[in-house]
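Here's query_13.csv, which has CSV, C-alpha atoms and all ligand atoms:
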```
chain,number,residue,atom,x,y,z
A,1371,MET,CA,-105.7,97.3,82.5
A,1372,ARG,CA,-103.3,95.8,85.0
A,1373,PHE,CA,-104.5,98.2,87.7
A,1374,LEU,CA,-108.1,97.2,87.0
A,1375,SER,CA,-107.5,93.5,87.2
A,1376,SER,CA,-105.5,93.8,90.4
A,1377,HIS,CA,-108.3,96.0,91.8
A,1378,ARG,CA,-110.8,93.4,90.8
A,1379,ARG,CA,-108.7,90.7,92.4
A,1380,ARG,CA,-108.6,92.7,95.6
A,1381,ARG,CA,-112.4,93.0,95.5
A,1382,ALA,CA,-112.8,89.3,95.0
A,1383,ALA,CA,-110.4,88.6,97.9
A,1384,LYS,CA,-112.8,90.2,100.4
A,1385,PRO,CA,-115.6,87.6,100.2
A,1386,LEU,CA,-113.0,84.9,100.0
A,1387,MET,CA,-111.4,86.1,103.3
A,1388,LEU,CA,-114.9,86.2,104.8
A,1389,ALA,CA,-115.6,82.6,103.7
A,1390,PHE,CA,-112.2,81.5,105.1
A,1391,ALA,CA,-112.8,83.2,108.4
A,1392,LEU,CA,-116.3,81.5,108.7
A,1393,LEU,CA,-114.8,78.2,107.9
A,1394,LEU,CA,-112.1,78.7,110.5
A,1395,MET,CA,-114.7,79.7,113.1
A,1396,GLY,CA,-116.8,76.7,112.2
A,1397,THR,CA,-113.9,74.3,112.6
A,1398,LEU,CA,-112.8,75.9,115.9
A,1399,TYR,CA,-116.3,75.6,117.2
A,1400,ALA,CA,-116.5,72.0,116.3
A,1401,VAL,CA,-113.2,71.3,118.1
A,1402,VAL,CA,-113.9,73.4,121.1
A,1403,ALA,CA,-117.6,73.0,121.7
A,1404,PRO,CA,-118.6,70.3,124.3
A,1405,ALA,CA,-119.6,67.0,122.8
A,1406,PRO,CA,-123.3,66.3,122.9
A,1407,GLN,CA,-124.5,64.1,125.9
A,1408,VAL,CA,-124.4,60.5,125.0
A,1409,ALA,CA,-127.5,58.4,125.1
A,1410,ALA,CA,-129.6,60.0,127.8
A,1411,ASP,CA,-131.7,57.2,129.2
A,1412,THR,CA,-134.8,59.3,130.0
A,1413,GLY,CA,-135.9,59.6,126.4
A,1414,THR,CA,-138.1,62.4,125.1
A,1415,SER,CA,-141.7,61.6,124.4
A,1416,ALA,CA,-141.0,61.6,120.6
A,1417,GLN,CA,-138.2,59.2,121.1
A,1418,VAL,CA,-140.3,56.9,123.3
A,1419,ALA,CA,-143.1,57.0,120.6
A,1420,ALA,CA,-140.6,56.2,117.9
A,1421,GLY,CA,-139.3,53.3,120.0
A,1422,LYS,CA,-142.7,51.9,120.6
A,1423,GLY,CA,-143.4,51.9,116.8
A,1424,LEU,CA,-140.1,50.3,116.0
A,1425,PHE,CA,-140.6,47.7,118.7
A,1426,ALA,CA,-144.0,46.7,117.2
A,1427,VAL,CA,-142.4,46.1,113.9
A,1428,SER,CA,-139.1,44.4,114.9
A,1429,CYS,CA,-139.5,42.9,118.3
A,1430,SER,CA,-143.2,42.4,119.3
A,1431,SER,CA,-143.6,39.0,117.5
A,1432,CYS,CA,-141.5,37.5,120.3
A,1433,HIS,CA,-141.7,40.0,123.1
A,1434,GLY,CA,-145.3,41.0,122.8
A,1435,LEU,CA,-146.8,44.4,121.7
A,1436,ASN,CA,-146.3,45.8,125.3
A,1437,GLY,CA,-143.0,43.9,126.0
A,1438,GLU,CA,-145.0,41.5,128.2
A,1439,GLY,CA,-143.3,38.5,126.6
A,1440,THR,CA,-144.7,35.5,124.6
A,1441,SER,CA,-143.8,31.9,124.3
A,1442,GLN,CA,-141.1,33.0,121.9
A,1443,GLY,CA,-139.4,35.6,124.1
A,1444,PRO,CA,-139.2,36.8,127.7
A,1445,SER,CA,-140.9,39.8,129.2
A,1446,LEU,CA,-138.8,43.0,129.0
A,1447,VAL,CA,-140.5,44.7,131.9
A,1448,GLY,CA,-137.8,46.1,134.1
A,1449,VAL,CA,-134.8,44.8,132.0
A,1450,GLY,CA,-133.8,48.5,131.5
A,1451,ALA,CA,-132.3,50.5,128.7
A,1452,ALA,CA,-128.9,48.9,129.3
A,1453,ALA,CA,-130.3,45.4,128.3
A,1454,VAL,CA,-131.7,46.8,125.1
A,1455,ASP,CA,-128.4,48.6,124.3
A,1456,PHE,CA,-126.4,45.4,125.0
A,1457,GLN,CA,-128.7,43.1,123.1
A,1458,VAL,CA,-129.1,45.3,120.0
A,1459,THR,CA,-125.6,46.7,119.7
A,1460,THR,CA,-124.0,43.3,120.0
A,1461,GLY,CA,-126.4,42.2,117.2
A,1462,ARG,CA,-128.1,39.6,119.4
A,1463,MET,CA,-131.5,41.2,118.9
A,1464,PRO,CA,-133.7,41.2,116.9
A,1465,MET,CA,-133.2,37.4,117.0
A,1466,ALA,CA,-133.8,35.8,113.6
A,1467,ALA,CA,-135.6,32.8,115.1
A,1468,PRO,CA,-136.0,31.4,118.6
A,1469,GLY,CA,-133.1,29.1,119.5
A,1470,ALA,CA,-131.0,27.9,122.4
A,1471,GLN,CA,-128.9,31.0,122.5
A,1472,ALA,CA,-128.9,34.4,120.8
A,1473,PRO,CA,-125.4,34.6,119.2
A,1474,ARG,CA,-123.5,37.8,118.5
A,1475,LYS,CA,-124.3,39.1,115.0
A,1476,HIS,CA,-123.8,42.1,112.8
A,1477,ASN,CA,-125.9,45.0,114.3
A,1478,THR,CA,-128.4,46.3,111.8
A,1479,MET,CA,-129.9,49.1,113.9
A,1480,THR,CA,-128.7,52.7,113.9
A,1481,ARG,CA,-127.8,54.5,117.1
A,1482,GLU,CA,-131.0,56.5,117.0
A,1483,GLU,CA,-133.2,53.4,116.6
A,1484,THR,CA,-131.4,51.6,119.5
A,1485,ASP,CA,-131.8,54.7,121.7
A,1486,ALA,CA,-135.5,54.9,120.8
A,1487,LEU,CA,-136.1,51.2,121.6
A,1488,ALA,CA,-134.1,51.6,124.8
A,1489,ALA,CA,-136.1,54.7,125.8
A,1490,TRP,CA,-139.4,52.9,125.3
A,1491,VAL,CA,-138.4,49.7,127.1
A,1492,ALA,CA,-137.2,51.9,130.0
A,1493,THR,CA,-140.7,53.2,130.4
A,1494,LEU,CA,-142.0,49.6,131.1
A,1495,GLY,CA,-140.3,49.4,134.5
A,1496,PRO,CA,-137.2,50.6,136.3
A,1497,GLY,CA,-134.0,48.9,135.2
A,1498,PRO,CA,-130.3,49.7,134.6
A,1499,ALA,CA,-129.7,52.7,132.4
A,1500,ILE,CA,-127.2,52.8,129.5
A,1501,PRO,CA,-123.9,53.6,131.3
A,1502,GLN,CA,-121.9,56.8,130.9
A,1503,LYS,CA,-118.3,56.4,129.7
A,1504,SER,CA,-116.9,57.3,133.2
A,1505,GLN,CA,-118.7,54.2,134.6
A,1506,TYR,CA,-116.9,51.6,132.4
A,1507,ALA,CA,-113.8,53.3,131.1
A,1508,PRO,CA,-110.9,51.0,132.0
A,1509,GLY,CA,-108.5,52.5,134.6
A,1510,ASP,CA,-104.8,52.8,134.5
A,1511,GLN,CA,-103.1,49.5,133.8
A,1512,ASP,CA,-101.2,49.6,137.1
A,1513,ALA,CA,-100.3,46.3,138.8
A,1514,ALA,CA,-102.7,46.8,141.7
A,1515,THR,CA,-105.8,47.4,139.5
A,1516,ILE,CA,-104.9,44.5,137.3
A,1517,ALA,CA,-104.4,42.2,140.3
A,1518,ARG,CA,-107.8,43.4,141.8
A,1519,GLY,CA,-109.6,42.9,138.5
A,1520,GLY,CA,-108.0,39.4,138.1
A,1521,GLU,CA,-109.1,38.4,141.6
A,1522,LEU,CA,-112.7,39.5,141.0
A,1523,PHE,CA,-112.7,37.8,137.6
A,1524,ARG,CA,-111.5,34.5,138.9
A,1525,THR,CA,-114.1,34.6,141.7
A,1526,ASN,CA,-117.1,35.7,139.7
A,1527,CYS,CA,-116.6,35.0,136.0
A,1528,SER,CA,-114.1,32.3,135.3
A,1529,ALA,CA,-116.5,29.4,136.2
A,1530,CYS,CA,-118.3,30.1,132.9
A,1531,HIS,CA,-115.9,32.2,130.8
A,1532,ASN,CA,-112.7,30.3,131.6
A,1533,PHE,CA,-109.8,31.7,133.7
A,1534,GLU,CA,-108.5,33.8,130.9
A,1535,GLY,CA,-111.9,34.9,129.4
A,1536,GLY,CA,-111.7,32.5,126.5
A,1537,GLY,CA,-115.3,31.3,127.0
A,1538,GLY,CA,-116.6,27.8,127.6
A,1539,ALA,CA,-119.4,25.4,127.0
A,1540,LEU,CA,-122.5,25.3,129.3
A,1541,PRO,CA,-125.2,22.5,129.6
A,1542,GLU,CA,-127.9,22.1,126.9
A,1543,GLY,CA,-125.7,23.2,124.0
A,1544,LYS,CA,-125.3,26.7,125.4
A,1545,TYR,CA,-122.0,28.5,125.9
A,1546,ALA,CA,-120.4,31.5,127.6
A,1547,PRO,CA,-118.7,33.4,124.8
A,1548,THR,CA,-115.1,34.6,124.7
A,1549,LEU,CA,-114.5,38.0,126.2
A,1550,LYS,CA,-111.6,38.8,123.9
A,1551,GLY,CA,-112.3,41.9,121.9
A,1552,VAL,CA,-115.5,42.7,123.7
A,1553,GLU,CA,-115.9,46.4,124.2
A,1554,PRO,CA,-115.8,47.8,127.8
A,1555,ILE,CA,-119.4,49.1,127.5
A,1556,HIS,CA,-120.7,45.6,126.7
A,1557,ILE,CA,-118.8,44.1,129.6
A,1558,TYR,CA,-120.4,46.6,131.9
A,1559,GLU,CA,-123.9,46.1,130.4
A,1560,ALA,CA,-123.6,42.3,130.5
A,1561,MET,CA,-122.7,42.4,134.2
A,1562,ARG,CA,-125.6,44.7,135.1
A,1563,THR,CA,-128.2,43.0,133.0
A,1564,GLY,CA,-127.2,39.3,133.1
A,1565,PRO,CA,-128.0,38.0,129.7
A,1566,GLN,CA,-129.3,34.3,129.6
A,1567,GLN,CA,-127.7,32.2,132.3
A,1568,MET,CA,-125.3,34.9,133.3
A,1569,PRO,CA,-126.2,36.2,136.8
A,1570,VAL,CA,-126.8,39.9,137.3
A,1571,PHE,CA,-124.0,41.6,139.2
A,1572,SER,CA,-125.7,44.6,140.8
A,1573,PRO,CA,-123.8,47.8,141.9
A,1574,GLY,CA,-124.3,46.6,145.4
A,1575,ALA,CA,-122.4,43.4,144.7
A,1576,ILE,CA,-119.7,44.8,142.4
A,1577,PRO,CA,-119.5,48.6,142.4
A,1578,ASP,CA,-118.6,50.5,139.2
A,1579,ALA,CA,-114.9,50.9,140.3
A,1580,ASP,CA,-114.6,47.1,140.5
A,1581,VAL,CA,-116.2,46.6,137.1
A,1582,ALA,CA,-113.6,49.0,135.7
A,1583,SER,CA,-110.9,46.9,137.3
A,1584,ILE,CA,-112.3,43.7,135.7
A,1585,ILE,CA,-112.3,45.6,132.4
A,1586,THR,CA,-108.7,46.7,132.9
A,1587,TYR,CA,-107.7,43.2,133.8
A,1588,LEU,CA,-109.3,41.7,130.7
A,1589,GLU,CA,-107.7,44.4,128.5
A,1590,SER,CA,-104.2,43.7,130.0
A,1591,LEU,CA,-104.8,39.9,129.5
A,1592,HIS,CA,-105.8,40.2,125.9
A,1593,ALA,CA,-103.0,42.7,125.1
A,1594,GLN,CA,-100.4,40.1,126.0
A,1595,PRO,CA,-98.8,38.2,123.1
A,1596,GLY,CA,-99.8,34.6,122.6
A,1597,PRO,CA,-97.5,31.8,123.6
A,1598,GLY,CA,-94.7,30.7,121.3
A,1599,PHE,CA,-92.9,32.2,118.3
A,1600,ASN,CA,-95.4,34.3,116.4
A,1601,LEU,CA,-93.6,36.8,114.2
A,1602,GLY,CA,-95.5,39.7,115.8
A,1603,GLY,CA,-98.9,38.1,115.3
A,1604,LEU,CA,-98.9,38.1,111.5
A,1605,GLY,CA,-101.3,35.2,111.6
A,1606,PRO,CA,-100.9,31.5,110.8
A,1607,VAL,CA,-101.1,31.9,107.0
A,1608,SER,CA,-98.3,34.4,106.6
A,1609,GLU,CA,-96.3,32.7,109.3
A,1610,GLY,CA,-96.6,29.4,107.4
A,1611,LEU,CA,-95.6,31.2,104.2
A,1612,PHE,CA,-92.6,32.6,106.0
A,1613,GLY,CA,-91.6,29.1,107.2
A,1614,TRP,CA,-92.1,27.7,103.7
A,1615,ILE,CA,-90.0,30.4,101.9
A,1616,VAL,CA,-87.2,30.2,104.4
A,1617,GLY,CA,-87.2,26.4,104.7
A,1618,ILE,CA,-87.7,25.4,101.1
A,1619,GLY,CA,-85.6,28.4,99.9
A,1620,GLY,CA,-82.8,27.3,102.1
A,1621,LEU,CA,-83.0,23.7,100.9
A,1622,CYS,CA,-82.9,24.9,97.2
A,1623,LEU,CA,-79.8,27.0,97.9
A,1624,PHE,CA,-78.2,24.1,99.7
A,1625,ALA,CA,-78.9,21.8,96.7
A,1626,THR,CA,-77.5,24.3,94.2
A,1627,TRP,CA,-74.4,24.6,96.3
A,1628,ILE,CA,-73.9,20.8,96.4
A,1629,ALA,CA,-74.5,20.6,92.7
A,1630,SER,CA,-72.0,23.3,91.9
A,1631,ARG,CA,-69.4,21.6,94.2
A,1632,GLY,CA,-70.0,18.3,92.5
A,1633,ALA,CA,-69.6,19.9,89.1
A,1634,ARG,CA,-66.3,21.5,90.1
A,1635,ALA,CA,-65.0,18.2,91.6
A,1636,ARG,CA,-65.6,16.5,88.2
J,1701,LIG,C1,-137.3,35.6,117.2
J,1701,LIG,C2,-137.7,36.1,118.5
J,1701,LIG,C3,-137.1,37.4,119.0
J,1701,LIG,C4,-137.2,38.7,118.4
J,1701,LIG,C5,-137.7,39.1,117.0
J,1701,LIG,C6,-136.6,39.6,119.3
J,1701,LIG,N1,-136.2,38.9,120.5
J,1701,LIG,FE1,-135.3,39.8,122.2
J,1701,LIG,N2,-135.2,37.9,123.0
J,1701,LIG,C7,-135.7,36.7,122.4
J,1701,LIG,C8,-135.3,35.6,123.3
J,1701,LIG,C9,-135.6,34.2,123.0
J,1701,LIG,C10,-134.6,36.2,124.4
J,1701,LIG,C11,-134.0,35.5,125.6
J,1701,LIG,C12,-132.8,34.5,125.2
J,1701,LIG,C13,-131.5,35.2,124.9
J,1701,LIG,O1,-131.1,36.2,125.5
J,1701,LIG,O2,-130.8,34.6,124.2
J,1701,LIG,C14,-134.5,37.6,124.2
J,1701,LIG,C15,-133.9,38.5,125.0
J,1701,LIG,C16,-134.0,39.9,124.9
J,1701,LIG,C17,-133.5,40.8,125.9
J,1701,LIG,C18,-132.8,40.5,127.2
J,1701,LIG,C19,-133.8,40.4,128.3
J,1701,LIG,C20,-133.1,40.3,129.6
J,1701,LIG,O3,-133.7,39.7,130.5
J,1701,LIG,O4,-131.9,40.8,129.8
J,1701,LIG,C21,-133.7,42.1,125.4
J,1701,LIG,C22,-133.4,43.4,126.0
J,1701,LIG,C23,-134.4,41.9,124.1
J,1701,LIG,N3,-134.5,40.6,123.8
J,1701,LIG,C24,-134.8,43.0,123.2
J,1701,LIG,C25,-135.2,42.8,121.9
J,1701,LIG,C26,-135.5,43.9,121.0
J,1701,LIG,C27,-135.3,45.3,121.4
J,1701,LIG,C28,-135.9,43.3,119.9
J,1701,LIG,C29,-136.3,44.0,118.6
J,1701,LIG,C30,-135.2,44.9,118.0
J,1701,LIG,C31,-136.0,41.9,120.0
J,1701,LIG,N4,-135.5,41.6,121.3
J,1701,LIG,C32,-136.4,41.0,119.1
J,1701,LIG,C33,-136.3,36.6,121.2
J,1701,LIG,C34,-136.5,37.6,120.3
J,1702,LIG,C1,-123.2,31.2,135.1
J,1702,LIG,C2,-122.3,31.5,134.0
J,1702,LIG,C3,-121.7,32.9,133.8
J,1702,LIG,C4,-121.0,33.7,134.7
J,1702,LIG,C5,-120.7,33.3,136.2
J,1702,LIG,C6,-120.7,34.9,134.0
J,1702,LIG,N1,-121.1,34.9,132.7
J,1702,LIG,FE1,-120.9,36.3,131.3
J,1702,LIG,N2,-122.0,35.3,130.0
J,1702,LIG,C7,-122.6,34.0,130.3
J,1702,LIG,C8,-123.4,33.6,129.1
J,1702,LIG,C9,-124.2,32.3,129.0
J,1702,LIG,C10,-123.3,34.7,128.2
J,1702,LIG,C11,-124.0,34.7,126.8
J,1702,LIG,C12,-125.3,35.4,126.9
J,1702,LIG,C13,-126.0,35.5,125.5
J,1702,LIG,O1,-125.4,35.2,124.5
J,1702,LIG,O2,-127.1,35.9,125.5
J,1702,LIG,C14,-122.4,35.7,128.8
J,1702,LIG,C15,-122.1,36.9,128.1
J,1702,LIG,C16,-121.2,37.8,128.6
J,1702,LIG,C17,-120.7,38.9,127.9
J,1702,LIG,C18,-121.1,39.3,126.5
J,1702,LIG,C19,-120.0,38.9,125.5
J,1702,LIG,C20,-120.3,39.2,124.1
J,1702,LIG,O3,-119.9,38.5,123.2
J,1702,LIG,O4,-121.1,40.2,123.9
J,1702,LIG,C21,-119.8,39.5,128.7
J,1702,LIG,C22,-119.0,40.8,128.4
J,1702,LIG,C23,-119.7,38.8,130.0
J,1702,LIG,N3,-120.6,37.7,129.9
J,1702,LIG,C24,-118.9,39.1,131.0
J,1702,LIG,C25,-118.9,38.5,132.3
J,1702,LIG,C26,-118.2,38.9,133.4
J,1702,LIG,C27,-117.3,40.1,133.5
J,1702,LIG,C28,-118.5,38.0,134.5
J,1702,LIG,C29,-118.1,38.1,135.9
J,1702,LIG,C30,-118.3,39.3,136.6
J,1702,LIG,C31,-119.4,37.0,133.9
J,1702,LIG,N4,-119.6,37.3,132.6
J,1702,LIG,C32,-119.9,35.9,134.6
J,1702,LIG,C33,-122.4,33.3,131.4
J,1702,LIG,C34,-121.8,33.7,132.6
```
Mind turning the file's structure into structure tokens?
Ligand code: HEC
Ligand code: HEC
Amino acid sequence: MRFLSSHRRRRAAKPLMLAFALLLMGTLYAVVAPAPQVAADTGTSAQVAAGKGLFAVSCSSCHGLNGEGTSQGPSLVGVGAAAVDFQVTTGRMPMAAPGAQAPRKHNTMTREETDALAAWVATLGPGPAIPQKSQYAPGDQDAATIARGGELFRTNCSACHNFEGGGGALPEGKYAPTLKGVEPIHIYEAMRTGPQQMPVFSPGAIPDADVASIITYLESLHAQPGPGFNLGGLGPVSEGLFGWIVGIGGLCLFATWIASRGARAR
């Protein structure tokens, strides 16, 4: 009986071992295999067709069925895949209603939908492609790169975005937004596509390496602690609470101490 059950156990162990080996191989493959290419800008015809369909539903009311533009929105001929990626992934498009400025919103489109829209808009005319990571990845935070990025930023960007990237008001109720917390890819795309009043900074004017220095500069700037005593950035509420507990708590202790001394003196 014991022999039989152990025999059966050994027989059951074989498929188990096999399953385990397969799982291990699968995991290894997932880890070792090259990551799929990100966002190829020359879309497949199926992707372009899907993009055209999606555009007709979500975007054509303002940009026209062929992206030619209407009184509600500009022409998208030649804006490029990068402009679509920037506008859609920052949640600016689809705009809910025409207004002075398209604000940053929660992005409601999936990666596939954005790529399809970008692929279709890219067929309307040549424009900047969605960048590869190597084009916008911030460089080493060494002093020379940060200094170069800072110089470029003060020359080209601070007039609108403020010298430390905090943003600023523009005429007619418009504004240049803060650059704090903006992802590197969006900094790259904004520079290459020039949303609204922002000028286009072409690769001829500011090459990719310099864009990366600007990104490095902004990251170093925003990684610095704020001025004053801030308890490691716990935020104003918890910092206020801390002050309250220490302050009022201290006063209570002091009052009790005085009271106990007074009682002893009597
Ligand atoms: C309610 C109208 C409206 C809708 C809907 C809309 N847009 Fe726009 N779009 C605008 C306006 C107005 C602008 C220009 C002003 C701005 O950028 O704030 C613009 C700008 C853009 C730009 C930037 C063009 C440039 O020159 O860089 C892109 C790209 C874009 N839209 C794509 C889309 C896509 C894709 C959709 C659909 C998912 C969409 N829009 C839906 C009104 C709209
Ligand atoms: C003439 C004014 C002007 C200059 C100069 C300018 N910008 Fe802008 N920038 C804007 C405006 C306006 C917007 C907002 C556009 C919108 O919301 O559609 C903007 C948006 C951006 C955004 C998008 C932020 C977000 O919230 O998604 C980035 C990133 C950016 N700018 C970076 C730069 C950099 C880097 C430079 C310098 C190389 C620069 N800008 C120069 C006016 C300017």
**Report entry** Near-segment 1549-1560 of chain A list (6 Å; all atoms listed in the file; drop same-chain fewer than 3 positions) as a ChimeraX atom specification
**Finding:** /A:1452,1456,1535,1563-1564
**Report entry** Expected selection as a PyMOL selection string for ligand LIG 1701 (chain J) within 7 Å, all atoms listed in the file
**Finding:** chain A and resi 1425+1428-1433+1442-1444+1446+1449+1453-1454+1457-1458+1463-1472+1487+1563-1566
Query raised in the report: Which of these residues is nearest to Pro1573 of chain A, using only C-alpha atoms: A:Met1561, A:Ala1625, A:Leu1424, A:Ile1618?
Result: A:Met1561
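For the pair atom CA of Gly1632 of chain A and atom CA of Gly1617 of chain A, the interatomic distance is 22.6 Å.
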Query raised in the report: So which one's closest to ligand LIG 1702 (chain J), A:Thr1414, A:Thr1626, A:Thr1478, A:Thr1460? Using all atoms listed in the file, please.
Result: A:Thr1460
Requested in this report: For each of A:Gln1511, A:Ser1590, A:Ser1583, A:Thr1493, take the minimum atom-to-atom distance to ligand LIG 1702 (chain J), counting all atoms listed in the file, then give the residue where this is smallest.
Outcome: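 For ligand LIG 1702 (chain J), the nearest of the candidates is A:Ser1583.
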Report summary line: Between A:Gly1495, A:Gly1423, A:Gly1448, A:Gly1509, smallest distance to Tyr1587 of chain A by all atoms listed in the file belongs to A:Gly1509
Report task. Quick one: pull the distance between atom CA of Ala1451 of chain A and atom CA of Arg1562 of chain A, Å, one decimal. Result -> 10.9 Å
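As for atom CA of Pro1569 of chain A and atom CA of Asn1436 of chain A, they are spaced 25.1 Å apart.
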Query raised in the report: Of the candidates A:Asn1526, A:Thr1459, A:Thr1440, A:Asn1532, which shows the shortest atom-to-atom distance to His1476 of chain A, using all atoms listed in the file?
Result: A:Thr1459
Around ligand LIG 1702 (chain J), fit a box with edges along x, y and z, padding it by 8 Å on each side, then list its centre and edge lengths in Å to one decimal as AutoDock Vina command-line options.
```
--center_x -122.2 --center_y 36.0 --center_z 129.9 --size_x 25.8 --size_y 25.6 --size_z 29.4
```
Query raised in the report: With only C-alpha atoms as the basis for distance, which of A:Ala1499, A:Thr1484, A:Ala1489, A:Gly1437 is at the shortest distance from Ser1415 of chain A?
Result: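 Result for the nearest residue to Ser1415 of chain A: A:Ala1489.
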